[in-house]
Amino acid sequence: MKTRLLLIALIVVLSSTLIFLIAFWEPLPPATIAAAPPPARLAAAAKPAGGNFTLQGPQGPVTLADYRGKVVVLYFGYTYCPDVCPTSLALIAQALSGLETTEQQQVQALFISVDPLRDSAERLQEYAPFFHPTLIGLSGAPQEIARVAAQYGASYQAQPPNAQGQYSVDHSSATYLIDTQGKLALTLAHASTPAQLLAAIRQHLAAPVAAR
């Protein structure tokens with residue numbers, strides 16, 4: 001039975017990734033960053049501090065404190081990412097879909113772009129809900145993104161454009177869980193399963209306020 005469930009989950013992830021590629025993947029447009037230096041590589045903090053931040057969402061500024069009282073699932077990536085981001089976001093979406101309706105109302109997922117020069121709020125508004133209707137994409141000025149990434153120990157590096165002006169962004173791929181008090185509670189490694197994330201979310205939803 002477990003083997004069958006694992007196969008079904010794998011099929012769902014692969015199907016979601018294929019649909020994503022059909023819907024969103026396109027040859028990278030000519031880069032517009034020739035005059036702008038790529039973001040500096042960030043050294044992942046041994047113990048990231050986390051903390052509040054404000055970035056640009058589809059309807060205007062979004063602050064982490066807006067979700068005080070909810071468990072927040074946070075992921076750093078970019079919309080032109082060909083494989084890692086679609087797979088990770090599909091896994092996150094599976095975990096969110098596993099929550100009961102009342103639980104979903106107590107959880108917010110955020111996707112922060114590490115490619116703000118291409119990922120506008122409008123593009124993120126189209127991209128994020130493809131994976132889950134409650135997922136919100138956030139962007140901002142390069143220095144703002146760098147500051148938030150440093151807070152959470154995320155790292156990224158834009159690669160030099162090729163002859164056609166196309167470039168990729170190497171980035172870490174952890175999923176961060178922020179508790180209802182706005183504190184970084186857990187960092188899940190790349191490829192953590194939906195079941196692991198779902199269990200972690202429920203653990204923090206059930207935790208007494210005094211223990212958070």
# chains A, B, ... in the order shown; residues from 1 in each chain; ligands from 1
>>> closest_atom_pairs(of="region 79-124 of chain A", to="region 196-207 of chain A", cutoff="12 Å", atoms="only C-alpha atoms", output="CSV")
residue,atom,partner,partner_atom,distance
A:Ser88,CA,A:Leu197,CA,11.4
A:Leu89,CA,A:Leu197,CA,11.9
A:Leu91,CA,A:Leu197,CA,8.8
A:Ile92,CA,A:Leu197,CA,7.4
A:Ala93,CA,A:Leu198,CA,10.1
A:Gln94,CA,A:Leu198,CA,8.7
A:Ala95,CA,A:Leu198,CA,5.0
A:Leu96,CA,A:Leu198,CA,7.1
A:Ser97,CA,A:Leu198,CA,9.2
A:Gly98,CA,A:Leu198,CA,7.1
A:Leu99,CA,A:Leu198,CA,7.4
A:Glu100,CA,A:Arg202,CA,10.2
A:Thr102,CA,A:Leu205,CA,10.8
A:Glu103,CA,A:Leu205,CA,7.8
A:Gln104,CA,A:Ile201,CA,10.1
A:Gln105,CA,A:Leu205,CA,10.9
A:Gln106,CA,A:Leu205,CA,7.7
A:Val107,CA,A:Ile201,CA,8.1
A:Gln108,CA,A:Ile201,CA,10.5
A:Ala109,CA,A:Ile201,CA,11.1
>>> closest_atom_pairs(of="region 63-90 of chain A", to="region 150-164 of chain A", cutoff="12 Å", atoms="only C-alpha atoms", output="tab-separated table")
residue	atom	partner	partner_atom	distance
A:Leu74	CA	A:Tyr152	CA	9.6
A:Tyr75	CA	A:Ala154	CA	9.2
A:Phe76	CA	A:Ala154	CA	7.3
A:Gly77	CA	A:Tyr156	CA	8.7
A:Tyr78	CA	A:Tyr156	CA	10.4
A:Tyr80	CA	A:Ala158	CA	12.0
A:Cys81	CA	A:Ala158	CA	11.6
>>> write_last_selection(atoms="N, CA and C atoms", output="PDB file, in the first residue's frame")
ATOM      1  N   LEU A  74       7.828  29.183   3.732  1.00  0.00           N
ATOM      2  CA  LEU A  74       8.593  30.135   2.923  1.00  0.00           C
ATOM      3  C   LEU A  74       9.585  29.404   2.024  1.00  0.00           C
ATOM      4  N   TYR A  75       9.627  29.808   0.751  1.00  0.00           N
ATOM      5  CA  TYR A  75      10.571  29.207  -0.191  1.00  0.00           C
ATOM      6  C   TYR A  75      11.163  30.297  -1.081  1.00  0.00           C
ATOM      7  N   PHE A  76      12.476  30.200  -1.361  1.00  0.00           N
ATOM      8  CA  PHE A  76      13.174  31.122  -2.240  1.00  0.00           C
ATOM      9  C   PHE A  76      13.455  30.436  -3.578  1.00  0.00           C
ATOM     10  N   GLY A  77      13.124  31.103  -4.681  1.00  0.00           N
ATOM     11  CA  GLY A  77      13.390  30.541  -5.998  1.00  0.00           C
ATOM     12  C   GLY A  77      13.143  31.593  -7.060  1.00  0.00           C
ATOM     13  N   TYR A  78      12.870  31.162  -8.298  1.00  0.00           N
ATOM     14  CA  TYR A  78      12.570  32.135  -9.358  1.00  0.00           C
ATOM     15  C   TYR A  78      11.750  31.462 -10.447  1.00  0.00           C
ATOM     16  N   TYR A  80      11.828  31.434 -13.713  1.00  0.00           N
ATOM     17  CA  TYR A  80      12.467  30.844 -14.884  1.00  0.00           C
ATOM     18  C   TYR A  80      13.250  29.580 -14.531  1.00  0.00           C
ATOM     19  N   CYS A  81      13.208  29.172 -13.288  1.00  0.00           N
ATOM     20  CA  CYS A  81      13.899  27.957 -12.847  1.00  0.00           C
ATOM     21  C   CYS A  81      13.308  26.753 -13.580  1.00  0.00           C
TER      22      CYS A  81
END
>>> closest_residue(among="A:Ala121, A:Val73, A:Val84, A:Leu138", to="Leu184 (chain A)", atoms="only C-alpha atoms")
A:Val73
>>> residues_around(residues="Asp179 (chain A)", least_positions_apart="6", cutoff="7 Å", atoms="only C-alpha atoms", output="list in words")
Lys70, Val71, Val72, Ala185 and His204 of chain A
>>> closest_residue(among="A:Ala146, A:Ile136, A:Leu177, A:Val169", to="Gly60 (chain A)", atoms="only C-alpha atoms")
A:Ile136
>>> closest_residue(among="A:Gly137, A:Pro142, A:Gly51, A:Pro129", to="Ile112 (chain A)", atoms="only C-alpha atoms")
A:Gly137
>>> residues_around(residues="region 115-118 of chain A", least_positions_apart="2", cutoff="7 Å", atoms="only C-alpha atoms", output="JSON, numbers by chain")
{"A": [78, 113, 120, 139, 140, 141, 142]}
>>> write_last_selection(atoms="C-alpha atoms", output="PDB file, in the first residue's frame")
ATOM      1  CA  TYR A  78      12.570  32.135  -9.358  1.00  0.00           C
ATOM      2  CA  SER A 113      11.959  35.480  -6.039  1.00  0.00           C
ATOM      3  CA  SER A 120       7.834  41.269 -11.551  1.00  0.00           C
ATOM      4  CA  SER A 139       9.625  40.375  -5.177  1.00  0.00           C
ATOM      5  CA  GLY A 140      11.473  43.589  -4.430  1.00  0.00           C
ATOM      6  CA  ALA A 141      14.645  45.522  -5.081  1.00  0.00           C
ATOM      7  CA  PRO A 142      17.785  43.341  -5.337  1.00  0.00           C
TER       8      PRO A 142
END
>>> residues_around(residues="Leu188 (chain A)", least_positions_apart="4", cutoff="7 Å", atoms="only C-alpha atoms", output="PyMOL selection string")
chain A and resi 174-176+192
>>> write_last_selection(atoms="C-alpha atoms", output="compact mmCIF listing (two decimals), in the first residue's frame")
# COMPACT_ATOMS: atom_id res chain seq x y z
CA ALA A 174 15.33 24.76 1.57
CA THR A 175 11.80 25.26 2.84
CA TYR A 176 11.42 27.44 5.92
CA SER A 192 11.79 16.86 2.03
>>> atom_distance(atom1="CA of Ala149 (chain A)", atom2="CA of Pro82 (chain A)")
20.8 Å
